[in-house]
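Novice: CSV, C-alpha atoms, file target.csv:
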```
chain,number,residue,atom,x,y,z
A,1,MET,CA,0.0,0.0,0.0
A,2,THR,CA,1.1,3.5,-0.6
A,3,ARG,CA,-0.1,6.5,1.4
A,4,SER,CA,0.5,8.9,-1.4
A,5,ARG,CA,2.2,8.1,-4.7
A,6,ALA,CA,3.9,10.6,-6.9
A,7,LEU,CA,3.0,8.8,-10.1
A,8,VAL,CA,1.6,11.3,-12.6
A,9,VAL,CA,0.5,10.4,-16.1
A,10,PRO,CA,-1.7,12.3,-18.6
A,11,LEU,CA,-5.3,11.1,-18.7
A,12,VAL,CA,-8.8,11.8,-18.0
A,13,ARG,CA,-11.8,10.4,-16.1
A,14,THR,CA,-15.0,11.3,-14.5
A,15,ALA,CA,-14.6,11.6,-10.7
A,16,ALA,CA,-15.5,10.7,-7.2
A,17,VAL,CA,-16.9,11.7,-3.9
A,18,LEU,CA,-18.9,9.7,-1.4
A,19,ALA,CA,-20.0,6.3,-0.2
A,20,GLY,CA,-19.7,5.6,3.4
A,21,VAL,CA,-21.4,9.0,3.8
A,22,SER,CA,-22.7,9.9,0.5
A,23,LEU,CA,-24.6,6.8,-0.1
A,24,LEU,CA,-26.5,8.2,2.7
A,25,ALA,CA,-26.5,11.7,1.3
A,26,GLY,CA,-27.3,10.6,-2.2
A,27,CYS,CA,-29.1,7.3,-2.8
A,28,GLN,CA,-28.5,3.8,-1.7
A,29,ALA,CA,-27.1,2.2,1.4
A,30,THR,CA,-27.4,0.5,4.8
A,31,SER,CA,-25.8,-2.4,6.8
A,32,ALA,CA,-25.2,-5.2,9.4
A,33,ALA,CA,-22.5,-7.1,11.2
A,34,VAL,CA,-20.9,-9.9,9.3
A,35,PRO,CA,-18.6,-12.4,11.0
A,36,ASP,CA,-16.6,-13.1,7.8
A,37,PRO,CA,-17.0,-10.6,4.9
A,38,SER,CA,-15.8,-13.2,2.4
A,39,SER,CA,-18.9,-15.2,3.2
A,40,SER,CA,-21.4,-12.3,3.0
A,41,VAL,CA,-22.0,-12.9,-0.7
A,42,SER,CA,-24.4,-15.5,-1.9
A,43,THR,CA,-23.1,-18.6,-3.7
A,44,ALA,CA,-24.6,-17.3,-7.0
A,45,ARG,CA,-22.5,-14.3,-6.9
A,46,LYS,CA,-19.2,-15.9,-6.0
A,47,GLY,CA,-16.5,-15.3,-8.6
A,48,SER,CA,-16.7,-11.6,-8.9
A,49,ALA,CA,-17.1,-10.8,-5.2
A,50,ASP,CA,-15.5,-11.4,-1.8
A,51,GLY,CA,-16.7,-15.0,-1.8
A,52,GLY,CA,-15.1,-15.7,-5.2
A,53,SER,CA,-11.6,-16.6,-6.1
A,54,THR,CA,-9.3,-13.8,-5.0
A,55,GLY,CA,-6.0,-15.5,-5.3
A,56,ASP,CA,-3.6,-16.0,-2.4
A,57,ARG,CA,-4.0,-13.0,-0.1
A,58,SER,CA,-0.7,-13.9,1.6
A,59,ASP,CA,1.4,-13.9,-1.6
A,60,SER,CA,3.0,-10.5,-1.4
A,61,LYS,CA,5.4,-11.2,-4.3
A,62,THR,CA,2.6,-11.9,-6.8
A,63,GLU,CA,0.6,-9.0,-5.4
A,64,GLN,CA,3.5,-6.6,-6.1
A,65,LYS,CA,3.9,-7.9,-9.7
A,66,ASN,CA,0.1,-7.4,-10.2
A,67,LEU,CA,0.3,-3.9,-9.0
A,68,ALA,CA,3.3,-3.1,-11.2
A,69,ALA,CA,1.4,-4.5,-14.2
A,70,VAL,CA,-1.6,-2.3,-13.6
A,71,LEU,CA,0.5,0.8,-13.0
A,72,LYS,CA,2.2,0.2,-16.3
A,73,LEU,CA,-1.2,0.6,-18.0
A,74,TYR,CA,-1.4,4.1,-16.7
A,75,THR,CA,2.1,5.1,-17.7
A,76,ASP,CA,2.2,3.4,-21.1
A,77,ALA,CA,-1.4,3.7,-22.4
A,78,PHE,CA,-2.9,6.8,-20.8
A,79,PRO,CA,-0.6,9.4,-22.4
A,80,ASP,CA,-1.4,8.4,-26.0
A,81,PRO,CA,-3.9,5.5,-26.3
A,82,ALA,CA,-3.5,5.5,-30.1
A,83,SER,CA,0.3,4.9,-29.9
A,84,SER,CA,2.0,1.6,-30.8
A,85,LYS,CA,3.3,1.6,-27.2
A,86,ALA,CA,-0.2,1.8,-25.7
A,87,VAL,CA,-1.5,-1.0,-28.0
A,88,ALA,CA,1.5,-3.2,-27.2
A,89,THR,CA,1.2,-2.7,-23.5
A,90,THR,CA,-2.6,-3.3,-23.3
A,91,ASP,CA,-2.3,-6.3,-25.6
A,92,LYS,CA,0.2,-7.8,-23.2
A,93,LEU,CA,-1.4,-6.8,-19.9
A,94,VAL,CA,-5.1,-7.1,-20.7
A,95,ALA,CA,-6.7,-10.4,-21.6
A,96,ALA,CA,-8.4,-10.5,-25.0
A,97,ASP,CA,-11.7,-11.4,-23.2
A,98,ALA,CA,-11.2,-9.3,-20.1
A,99,VAL,CA,-14.6,-8.4,-18.7
A,100,ALA,CA,-15.4,-4.7,-18.3
A,101,HIS,CA,-18.1,-4.1,-15.7
A,102,GLY,CA,-20.3,-1.0,-16.1
A,103,SER,CA,-22.6,0.6,-18.6
A,104,GLY,CA,-21.0,1.2,-22.0
A,105,GLN,CA,-17.7,-0.4,-21.1
A,106,LYS,CA,-16.1,-2.6,-23.7
A,107,SER,CA,-14.2,-5.8,-23.0
A,108,GLY,CA,-10.5,-6.6,-23.8
A,109,PRO,CA,-7.5,-4.4,-24.5
A,110,SER,CA,-9.5,-2.3,-27.0
A,111,GLY,CA,-12.0,-1.4,-24.3
A,112,VAL,CA,-9.2,0.0,-22.1
A,113,LEU,CA,-7.9,2.1,-25.0
A,114,ALA,CA,-11.3,3.3,-25.9
A,115,GLU,CA,-11.9,4.5,-22.4
A,116,PHE,CA,-8.6,6.3,-22.2
A,117,THR,CA,-9.3,7.9,-25.6
A,118,ALA,CA,-12.6,9.2,-24.4
A,119,ASP,CA,-11.0,10.5,-21.2
A,120,ARG,CA,-8.4,12.5,-23.1
A,121,THR,CA,-11.0,13.9,-25.5
A,122,ARG,CA,-13.2,15.0,-22.6
A,123,VAL,CA,-10.5,16.7,-20.5
A,124,PRO,CA,-7.7,18.0,-22.7
A,125,GLY,CA,-4.4,18.2,-20.9
A,126,ALA,CA,-5.6,16.1,-18.0
A,127,GLN,CA,-3.2,14.0,-16.0
A,128,ALA,CA,-3.7,11.1,-13.6
A,129,VAL,CA,-2.1,11.5,-10.2
A,130,VAL,CA,-2.1,8.2,-8.3
A,131,LYS,CA,-2.9,8.8,-4.6
A,132,HIS,CA,-3.4,5.3,-3.1
A,133,THR,CA,-2.9,1.8,-4.4
A,134,ALA,CA,-3.6,-1.7,-3.1
A,135,ALA,CA,-2.8,-5.2,-4.2
A,136,ASP,CA,-4.5,-8.1,-2.3
A,137,GLY,CA,-4.8,-11.6,-3.8
A,138,ASP,CA,-5.6,-11.2,-7.5
A,139,LEU,CA,-7.2,-7.7,-6.9
A,140,VAL,CA,-5.5,-4.4,-7.6
A,141,ALA,CA,-7.1,-1.0,-6.8
A,142,VAL,CA,-6.0,2.5,-7.7
A,143,HIS,CA,-7.3,5.8,-6.2
A,144,TYR,CA,-6.3,8.8,-8.3
A,145,GLN,CA,-7.0,12.4,-9.3
A,146,VAL,CA,-7.7,13.5,-12.8
A,147,ALA,CA,-6.8,17.1,-13.4
A,148,SER,CA,-5.0,19.5,-15.6
A,149,ASP,CA,-3.1,20.8,-12.6
A,150,PRO,CA,-1.8,17.9,-10.5
A,151,ALA,CA,-0.7,20.3,-7.7
A,152,ASP,CA,-4.4,21.3,-7.0
A,153,GLU,CA,-6.4,18.6,-5.3
A,154,ARG,CA,-9.5,20.7,-5.4
A,155,THR,CA,-10.0,20.5,-9.2
A,156,GLY,CA,-10.8,17.9,-11.8
A,157,GLU,CA,-12.1,14.5,-10.9
A,158,ALA,CA,-11.5,11.7,-8.5
A,159,ALA,CA,-11.5,8.0,-9.5
A,160,VAL,CA,-11.0,4.5,-8.3
A,161,ASP,CA,-10.2,1.7,-10.7
A,162,LEU,CA,-10.4,-2.0,-9.7
A,163,PHE,CA,-8.7,-4.8,-11.6
A,164,ARG,CA,-8.6,-8.6,-11.2
A,165,VAL,CA,-5.2,-9.9,-12.4
A,166,ARG,CA,-4.4,-13.5,-13.1
A,167,ASP,CA,-1.2,-14.9,-14.6
A,168,GLY,CA,0.0,-11.3,-15.2
A,169,ALA,CA,-3.0,-10.1,-17.2
A,170,VAL,CA,-6.1,-8.1,-16.3
A,171,VAL,CA,-9.2,-10.4,-16.6
A,172,GLU,CA,-11.8,-8.1,-15.0
A,173,ARG,CA,-12.0,-4.4,-14.4
A,174,TRP,CA,-14.4,-1.8,-12.8
A,175,ALA,CA,-14.2,2.0,-12.9
A,176,PHE,CA,-15.7,4.5,-10.5
A,177,ASP,CA,-15.5,8.2,-11.0
A,178,GLN,CA,-17.0,11.4,-9.8
A,179,PRO,CA,-16.5,15.2,-10.4
A,180,ILE,CA,-14.8,17.1,-7.6
A,181,ALA,CA,-17.2,19.6,-6.2
A,182,THR,CA,-16.1,23.2,-6.4
A,183,GLY,CA,-16.5,25.9,-3.8
A,184,THR,CA,-17.0,25.4,-0.1
A,185,PRO,CA,-19.3,22.5,0.7
A,186,ALA,CA,-22.4,23.0,2.8
A,187,SER,CA,-20.9,20.5,5.3
A,188,GLY,CA,-18.0,22.9,6.0
A,189,ASN,CA,-15.6,20.0,5.4
A,190,THR,CA,-12.5,21.5,3.7
A,191,ASN,CA,-10.5,18.2,3.5
A,192,THR,CA,-9.6,17.3,-0.1
A,193,MET,CA,-10.8,14.1,-1.5
A,194,PHE,CA,-7.3,12.7,-1.7
A,195,SER,CA,-5.2,14.0,1.2
A,196,ASP,CA,-3.7,11.8,4.0
A,197,LEU,CA,-4.3,13.6,7.3
A,198,TYR,CA,-4.3,10.9,10.0
A,199,SER,CA,-1.3,10.8,12.3
A,200,PRO,CA,-1.1,7.7,14.5
A,201,ALA,CA,-0.4,8.2,18.2
A,202,LYS,CA,2.3,5.6,18.0
A,203,PRO,CA,5.0,5.3,15.2
A,204,ALA,CA,3.5,3.7,12.2
A,205,VAL,CA,4.5,0.0,11.7
A,206,ALA,CA,3.6,-1.7,8.5
A,207,PRO,CA,1.0,-4.3,9.3
A,208,SER,CA,1.6,-8.0,8.6
A,209,GLU,CA,-0.4,-10.0,6.0
A,210,SER,CA,-2.3,-11.4,9.0
A,211,GLN,CA,-3.1,-8.0,10.4
A,212,GLU,CA,-4.2,-6.7,6.9
A,213,GLU,CA,-6.7,-9.6,6.8
A,214,GLN,CA,-7.9,-8.7,10.2
A,215,ASN,CA,-8.4,-5.1,9.1
A,216,ARG,CA,-10.3,-6.2,6.1
A,217,THR,CA,-12.7,-8.4,8.1
A,218,PHE,CA,-13.1,-5.6,10.6
A,219,ALA,CA,-13.8,-2.8,8.2
A,220,VAL,CA,-16.1,-4.8,5.9
A,221,SER,CA,-18.1,-6.0,8.9
A,222,ALA,CA,-18.4,-2.4,10.2
A,223,TYR,CA,-19.5,-1.2,6.7
A,224,ASN,CA,-22.2,-3.8,6.4
A,225,THR,CA,-23.4,-3.3,10.0
A,226,LEU,CA,-23.9,0.4,9.2
A,227,PHE,CA,-25.1,0.4,5.6
A,228,ARG,CA,-26.9,-3.0,5.3
A,229,ASP,CA,-28.4,-3.2,8.8
A,230,GLN,CA,-28.4,0.5,9.6
A,231,ASP,CA,-27.2,-0.3,13.1
A,232,VAL,CA,-25.8,3.0,14.2
A,233,SER,CA,-24.3,1.5,17.4
A,234,ILE,CA,-21.3,0.3,15.2
A,235,LEU,CA,-20.2,4.0,15.0
A,236,ASP,CA,-19.3,3.9,18.7
A,237,LYS,CA,-17.5,0.6,18.4
A,238,ALA,CA,-15.6,0.7,15.2
A,239,PHE,CA,-15.1,4.4,14.3
A,240,ASP,CA,-12.9,7.0,15.9
A,241,PRO,CA,-15.4,9.7,17.0
A,242,ALA,CA,-13.3,12.3,15.2
A,243,TYR,CA,-12.4,10.2,12.2
A,244,LEU,CA,-11.2,12.2,9.1
A,245,GLN,CA,-13.8,12.4,6.4
A,246,HIS,CA,-12.8,13.1,2.7
A,247,ASN,CA,-16.3,13.1,1.5
A,248,PRO,CA,-17.3,16.8,1.1
A,249,VAL,CA,-20.9,16.0,1.9
A,250,ALA,CA,-20.2,15.3,5.6
A,251,PRO,CA,-17.9,16.8,8.2
A,252,ASN,CA,-15.3,14.9,10.2
A,253,GLY,CA,-16.5,12.6,12.9
A,254,THR,CA,-19.4,10.2,13.5
A,255,ALA,CA,-22.0,12.8,14.5
A,256,ALA,CA,-23.1,13.4,10.9
A,257,LEU,CA,-23.7,9.7,10.3
A,258,LYS,CA,-25.6,9.3,13.6
A,259,SER,CA,-27.8,12.3,12.6
A,260,PHE,CA,-28.5,10.8,9.2
A,261,PHE,CA,-29.5,7.4,10.4
A,262,SER,CA,-31.6,8.8,13.2
A,263,GLY,CA,-33.5,11.0,10.8
A,264,SER,CA,-36.6,10.3,8.7
A,265,ALA,CA,-34.8,9.4,5.5
A,266,THR,CA,-35.0,5.8,4.2
A,267,PHE,CA,-33.0,4.0,1.6
A,268,PRO,CA,-32.4,0.5,0.3
A,269,PRO,CA,-29.7,-1.6,2.1
A,270,GLN,CA,-26.3,-1.8,0.6
A,271,GLU,CA,-23.4,-4.2,1.3
A,272,SER,CA,-19.8,-4.8,0.4
A,273,VAL,CA,-19.4,-7.5,-2.3
A,274,ILE,CA,-15.7,-7.1,-3.1
A,275,SER,CA,-12.9,-6.0,-0.7
A,276,LEU,CA,-9.2,-5.9,-0.4
A,277,SER,CA,-6.7,-4.8,2.2
A,278,ASP,CA,-3.2,-3.5,1.8
A,279,GLY,CA,-1.1,-1.7,4.5
A,280,ASP,CA,-3.5,0.2,6.8
A,281,LEU,CA,-6.1,0.7,4.1
A,282,VAL,CA,-9.2,-1.4,3.4
A,283,TRP,CA,-11.1,-1.0,0.2
A,284,THR,CA,-14.8,-2.0,-0.2
A,285,PHE,CA,-17.0,-2.1,-3.3
A,286,SER,CA,-20.7,-2.3,-2.7
A,287,GLN,CA,-24.0,-3.3,-4.3
A,288,SER,CA,-27.6,-3.1,-3.2
A,289,VAL,CA,-28.6,-6.1,-1.0
A,290,GLY,CA,-30.1,-8.8,-3.2
A,291,ALA,CA,-28.4,-7.5,-6.4
A,292,LYS,CA,-27.3,-10.0,-9.0
A,293,ALA,CA,-23.7,-10.6,-9.7
A,294,ASP,CA,-23.8,-8.6,-13.0
A,295,ASP,CA,-25.7,-5.6,-11.5
A,296,PRO,CA,-23.7,-2.4,-11.1
A,297,VAL,CA,-21.3,-2.0,-8.3
A,298,LEU,CA,-22.4,1.3,-6.8
A,299,ALA,CA,-19.6,2.7,-4.9
A,300,ALA,CA,-16.0,2.4,-3.8
A,301,ASP,CA,-14.9,3.2,-0.2
A,302,ILE,CA,-11.5,3.3,1.4
A,303,PHE,CA,-11.0,3.1,5.2
A,304,ARG,CA,-7.8,3.7,7.1
A,305,VAL,CA,-7.7,1.3,10.1
A,306,ASP,CA,-5.4,1.8,13.0
A,307,ASP,CA,-5.4,0.3,16.5
A,308,LYS,CA,-8.8,-1.4,15.9
A,309,LEU,CA,-10.6,1.8,14.8
A,310,ILE,CA,-11.5,3.4,11.5
A,311,ARG,CA,-9.6,6.6,11.5
A,312,GLU,CA,-10.0,8.0,7.9
A,313,HIS,CA,-12.3,7.6,5.0
A,314,TRP,CA,-12.3,8.3,1.2
A,315,ASP,CA,-14.9,7.3,-1.4
A,316,VAL,CA,-16.1,7.5,-5.0
A,317,VAL,CA,-19.8,7.3,-5.9
A,318,PRO,CA,-20.5,7.7,-9.6
A,319,ALA,CA,-23.7,9.4,-10.6
A,320,ALA,CA,-26.7,7.0,-11.0
A,321,GLY,CA,-27.3,5.9,-14.6
```
Could you render the structure as structure tokens?
Specialist:
Amino acid sequence: MTRSRALVVPLVRTAAVLAGVSLLAGCQATSAAVPDPSSSVSTARKGSADGGSTGDRSDSKTEQKNLAAVLKLYTDAFPDPASSKAVATTDKLVAADAVAHGSGQKSGPSGVLAEFTADRTRVPGAQAVVKHTAADGDLVAVHYQVASDPADERTGEAAVDLFRVRDGAVVERWAFDQPIATGTPASGNTNTMFSDLYSPAKPAVAPSESQEEQNRTFAVSAYNTLFRDQDVSILDKAFDPAYLQHNPVAPNGTAALKSFFSGSATFPPQESVISLSDGDLVWTFSQSVGAKADDPVLAADIFRVDDKLIREHWDVVPAAG
């Protein structure tokens, strides 16, 4: 895992904002405690979710190779999707029948190039600034900003891309993006959607593979307890009361979430169906409860876990439709 990466490549995308709090502000969500998040998905959905094949989550060597392969797509194909270099790289690193999840997404290497081409057409001069990455089992996730000015985290778009990599090639991919809101949000939250603000009380120590898996189980269970079962008591058990919120819709801390769930608003339950953990970050990808395996994955959330509490949160929730 990387707290903040300096990788910058020209590209484009639509952007990000909220899940753990914006699902609540903007559409679907809810929750419940789950003893093992990898068993929270029905048998019919296994294969593209937590319960499906996710490779060996303890194989750090392969995970790093998978991450390197995915990042090479950004460096080689994003700058000029029509170049011979971009074609050669995607042909090598993306399976011919790689599944692309999401409306309008095309499969295979040509689908990746088509997406990058559309991105660059939509945002001339845009660059991709990778902020956080994760590799866990056969999954790789990338959290990045799309902007013409990489030095300004308050412009452009935010995005999370998720890949499944097997035998060195991408076989599945998902994309989540959301525009970065301009101006001062009504919530008063001035944190950017990308910054790392949490400072641990003790010197940071890289968690072991075992601890990463414990963090994953913990965060996914907390997410489902809140957003699937709408059990607000989990906020006092699993969240730092002053946790740092990078969703502009809500301020720091648990008070906003408590207020939302205690209000009159109602919304359909949502649960994590894919998750990965790397370093002190846990990534969850959610669908409405009861969704079919090929239904849209609605949001991407990232949680920083330290000393058995969720300390920081980022998310990307694409616009419906």
Novice: Work out how far atom CA of A:Arg304 is from atom CA of A:Val205, in Å to one decimal.
Specialist: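 Here the two named atoms are 13.6 Å from each other.
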Novice: Using only C-alpha atoms, which of the listed residues (A:Ser60, A:Ser195, A:Gln211, A:Gln127) sits closest to A:Asp149?
Specialist: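 Smallest distance to A:Asp149 is found for A:Gln127.
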Novice: Please identify all polymer residues within 12 Å of A:Gln214, counting only C-alpha atoms, omitting same-chain residues fewer than 5 positions from it, and present them as a short mmCIF file (atom, residue, chain, number, x, y, z; two decimals) with C-alpha atoms, keeping the file's coordinate frame.
Specialist:
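What landed in out23.cif:
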```
data_model
loop_
_atom_site.label_atom_id
_atom_site.label_comp_id
_atom_site.auth_asym_id
_atom_site.auth_seq_id
_atom_site.Cartn_x
_atom_site.Cartn_y
_atom_site.Cartn_z
CA PRO A 35 -18.60 -12.40 11.00
CA ASP A 36 -16.60 -13.10 7.80
CA PRO A 37 -17.00 -10.60 4.90
CA SER A 38 -15.80 -13.20 2.40
CA ARG A 57 -4.00 -13.00 -0.10
CA PRO A 207 1.00 -4.30 9.30
CA SER A 208 1.60 -8.00 8.60
CA GLU A 209 -0.40 -10.00 6.00
CA ALA A 219 -13.80 -2.80 8.20
CA VAL A 220 -16.10 -4.80 5.90
CA SER A 221 -18.10 -6.00 8.90
CA LEU A 276 -9.20 -5.90 -0.40
CA SER A 277 -6.70 -4.80 2.20
CA ASP A 278 -3.20 -3.50 1.80
CA GLY A 279 -1.10 -1.70 4.50
CA ASP A 280 -3.50 0.20 6.80
CA LEU A 281 -6.10 0.70 4.10
CA VAL A 282 -9.20 -1.40 3.40
CA VAL A 305 -7.70 1.30 10.10
CA ASP A 306 -5.40 1.80 13.00
CA ASP A 307 -5.40 0.30 16.50
CA LYS A 308 -8.80 -1.40 15.90
CA LEU A 309 -10.60 1.80 14.80
#
```
Novice: Atom CA of A:Gln287 to atom CA of A:Gln270: how many Å, to one decimal?
Specialist: 5.6 Å
Novice: From the options A:Asn252, A:Gln178, A:Ser83, A:Ser210, which residue's atoms come nearest to A:Asn191, counting only C-alpha atoms?
Specialist: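 Of all the options, A:Asn252 lies closest to A:Asn191.
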Novice: Within 8 Å of A:Phe239, counting all atoms listed in the file, which residues show up once you throw out same-chain ones fewer than 6 positions away? Write them as a list of chain:residue names, please.
Specialist: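 Non-adjacent residues within range: A:Thr254, A:Leu309, A:Ile310, A:Arg311.
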Novice: Which residue, A:Ala98, A:Leu113, A:Ala206, A:Ala158, has the smallest gap to A:Val129 when you use all atoms listed in the file?
Specialist: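 Nearest candidate to A:Val129 out of A:Ala98, A:Leu113, A:Ala206, A:Ala158: A:Ala158.
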Novice: May I ask which of the residues A:Ala151, A:Val249, A:Val140, A:Val317 is the closest one to A:Thr184, counting all atoms listed in the file?
Specialist: A:Val249
Novice: How many Å separate atom CA of A:Ala77 from atom CA of A:Glu115?
Specialist: 10.5 Å
Novice: For C-alpha atoms, please extract stretch 102-190 of chain A from the block and return it as a PDB file, in the first residue's frame.
Specialist:
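Below is the file that was written, out-v9.pdb:
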```
ATOM      1  CA  GLY A 102     -20.306  -1.004 -16.128  1.00  0.00           C
ATOM      2  CA  SER A 103     -22.627   0.571 -18.636  1.00  0.00           C
ATOM      3  CA  GLY A 104     -21.016   1.205 -22.004  1.00  0.00           C
ATOM      4  CA  GLN A 105     -17.713  -0.442 -21.071  1.00  0.00           C
ATOM      5  CA  LYS A 106     -16.051  -2.585 -23.739  1.00  0.00           C
ATOM      6  CA  SER A 107     -14.171  -5.791 -23.046  1.00  0.00           C
ATOM      7  CA  GLY A 108     -10.546  -6.611 -23.785  1.00  0.00           C
ATOM      8  CA  PRO A 109      -7.543  -4.379 -24.522  1.00  0.00           C
ATOM      9  CA  SER A 110      -9.475  -2.255 -27.017  1.00  0.00           C
ATOM     10  CA  GLY A 111     -11.953  -1.399 -24.291  1.00  0.00           C
ATOM     11  CA  VAL A 112      -9.199   0.041 -22.116  1.00  0.00           C
ATOM     12  CA  LEU A 113      -7.850   2.104 -25.013  1.00  0.00           C
ATOM     13  CA  ALA A 114     -11.330   3.312 -25.950  1.00  0.00           C
ATOM     14  CA  GLU A 115     -11.932   4.471 -22.392  1.00  0.00           C
ATOM     15  CA  PHE A 116      -8.603   6.290 -22.233  1.00  0.00           C
ATOM     16  CA  THR A 117      -9.261   7.933 -25.602  1.00  0.00           C
ATOM     17  CA  ALA A 118     -12.646   9.192 -24.437  1.00  0.00           C
ATOM     18  CA  ASP A 119     -11.042  10.476 -21.241  1.00  0.00           C
ATOM     19  CA  ARG A 120      -8.420  12.504 -23.067  1.00  0.00           C
ATOM     20  CA  THR A 121     -10.997  13.892 -25.469  1.00  0.00           C
ATOM     21  CA  ARG A 122     -13.205  14.992 -22.598  1.00  0.00           C
ATOM     22  CA  VAL A 123     -10.450  16.661 -20.527  1.00  0.00           C
ATOM     23  CA  PRO A 124      -7.665  18.028 -22.715  1.00  0.00           C
ATOM     24  CA  GLY A 125      -4.361  18.196 -20.896  1.00  0.00           C
ATOM     25  CA  ALA A 126      -5.570  16.114 -17.964  1.00  0.00           C
ATOM     26  CA  GLN A 127      -3.154  13.976 -15.958  1.00  0.00           C
ATOM     27  CA  ALA A 128      -3.698  11.075 -13.605  1.00  0.00           C
ATOM     28  CA  VAL A 129      -2.127  11.493 -10.172  1.00  0.00           C
ATOM     29  CA  VAL A 130      -2.145   8.214  -8.287  1.00  0.00           C
ATOM     30  CA  LYS A 131      -2.863   8.789  -4.590  1.00  0.00           C
ATOM     31  CA  HIS A 132      -3.359   5.327  -3.080  1.00  0.00           C
ATOM     32  CA  THR A 133      -2.922   1.791  -4.352  1.00  0.00           C
ATOM     33  CA  ALA A 134      -3.648  -1.700  -3.068  1.00  0.00           C
ATOM     34  CA  ALA A 135      -2.830  -5.225  -4.172  1.00  0.00           C
ATOM     35  CA  ASP A 136      -4.481  -8.118  -2.335  1.00  0.00           C
ATOM     36  CA  GLY A 137      -4.781 -11.602  -3.776  1.00  0.00           C
ATOM     37  CA  ASP A 138      -5.644 -11.203  -7.459  1.00  0.00           C
ATOM     38  CA  LEU A 139      -7.169  -7.728  -6.936  1.00  0.00           C
ATOM     39  CA  VAL A 140      -5.495  -4.382  -7.569  1.00  0.00           C
ATOM     40  CA  ALA A 141      -7.110  -1.012  -6.793  1.00  0.00           C
ATOM     41  CA  VAL A 142      -5.958   2.483  -7.722  1.00  0.00           C
ATOM     42  CA  HIS A 143      -7.268   5.759  -6.242  1.00  0.00           C
ATOM     43  CA  TYR A 144      -6.271   8.798  -8.296  1.00  0.00           C
ATOM     44  CA  GLN A 145      -7.044  12.363  -9.274  1.00  0.00           C
ATOM     45  CA  VAL A 146      -7.701  13.483 -12.837  1.00  0.00           C
ATOM     46  CA  ALA A 147      -6.810  17.131 -13.351  1.00  0.00           C
ATOM     47  CA  SER A 148      -4.953  19.493 -15.641  1.00  0.00           C
ATOM     48  CA  ASP A 149      -3.131  20.834 -12.572  1.00  0.00           C
ATOM     49  CA  PRO A 150      -1.787  17.921 -10.487  1.00  0.00           C
ATOM     50  CA  ALA A 151      -0.744  20.336  -7.726  1.00  0.00           C
ATOM     51  CA  ASP A 152      -4.353  21.330  -7.013  1.00  0.00           C
ATOM     52  CA  GLU A 153      -6.350  18.589  -5.285  1.00  0.00           C
ATOM     53  CA  ARG A 154      -9.543  20.668  -5.450  1.00  0.00           C
ATOM     54  CA  THR A 155      -9.963  20.550  -9.217  1.00  0.00           C
ATOM     55  CA  GLY A 156     -10.807  17.909 -11.780  1.00  0.00           C
ATOM     56  CA  GLU A 157     -12.137  14.498 -10.926  1.00  0.00           C
ATOM     57  CA  ALA A 158     -11.540  11.668  -8.463  1.00  0.00           C
ATOM     58  CA  ALA A 159     -11.534   8.024  -9.487  1.00  0.00           C
ATOM     59  CA  VAL A 160     -11.004   4.482  -8.283  1.00  0.00           C
ATOM     60  CA  ASP A 161     -10.235   1.660 -10.712  1.00  0.00           C
ATOM     61  CA  LEU A 162     -10.395  -1.984  -9.652  1.00  0.00           C
ATOM     62  CA  PHE A 163      -8.722  -4.818 -11.553  1.00  0.00           C
ATOM     63  CA  ARG A 164      -8.608  -8.584 -11.225  1.00  0.00           C
ATOM     64  CA  VAL A 165      -5.234  -9.873 -12.424  1.00  0.00           C
ATOM     65  CA  ARG A 166      -4.408 -13.492 -13.145  1.00  0.00           C
ATOM     66  CA  ASP A 167      -1.197 -14.866 -14.636  1.00  0.00           C
ATOM     67  CA  GLY A 168       0.033 -11.319 -15.197  1.00  0.00           C
ATOM     68  CA  ALA A 169      -2.996 -10.096 -17.167  1.00  0.00           C
ATOM     69  CA  VAL A 170      -6.139  -8.149 -16.304  1.00  0.00           C
ATOM     70  CA  VAL A 171      -9.199 -10.387 -16.612  1.00  0.00           C
ATOM     71  CA  GLU A 172     -11.808  -8.081 -15.032  1.00  0.00           C
ATOM     72  CA  ARG A 173     -12.039  -4.363 -14.394  1.00  0.00           C
ATOM     73  CA  TRP A 174     -14.373  -1.845 -12.793  1.00  0.00           C
ATOM     74  CA  ALA A 175     -14.214   1.963 -12.938  1.00  0.00           C
ATOM     75  CA  PHE A 176     -15.658   4.499 -10.483  1.00  0.00           C
ATOM     76  CA  ASP A 177     -15.461   8.247 -11.038  1.00  0.00           C
ATOM     77  CA  GLN A 178     -17.016  11.431  -9.782  1.00  0.00           C
ATOM     78  CA  PRO A 179     -16.490  15.168 -10.366  1.00  0.00           C
ATOM     79  CA  ILE A 180     -14.807  17.087  -7.564  1.00  0.00           C
ATOM     80  CA  ALA A 181     -17.236  19.643  -6.188  1.00  0.00           C
ATOM     81  CA  THR A 182     -16.074  23.241  -6.440  1.00  0.00           C
ATOM     82  CA  GLY A 183     -16.514  25.906  -3.797  1.00  0.00           C
ATOM     83  CA  THR A 184     -17.010  25.422  -0.068  1.00  0.00           C
ATOM     84  CA  PRO A 185     -19.290  22.466   0.677  1.00  0.00           C
ATOM     85  CA  ALA A 186     -22.358  23.017   2.825  1.00  0.00           C
ATOM     86  CA  SER A 187     -20.941  20.536   5.323  1.00  0.00           C
ATOM     87  CA  GLY A 188     -18.018  22.854   5.988  1.00  0.00           C
ATOM     88  CA  ASN A 189     -15.612  19.973   5.351  1.00  0.00           C
ATOM     89  CA  THR A 190     -12.518  21.479   3.744  1.00  0.00           C
TER      90      THR A 190
END
```
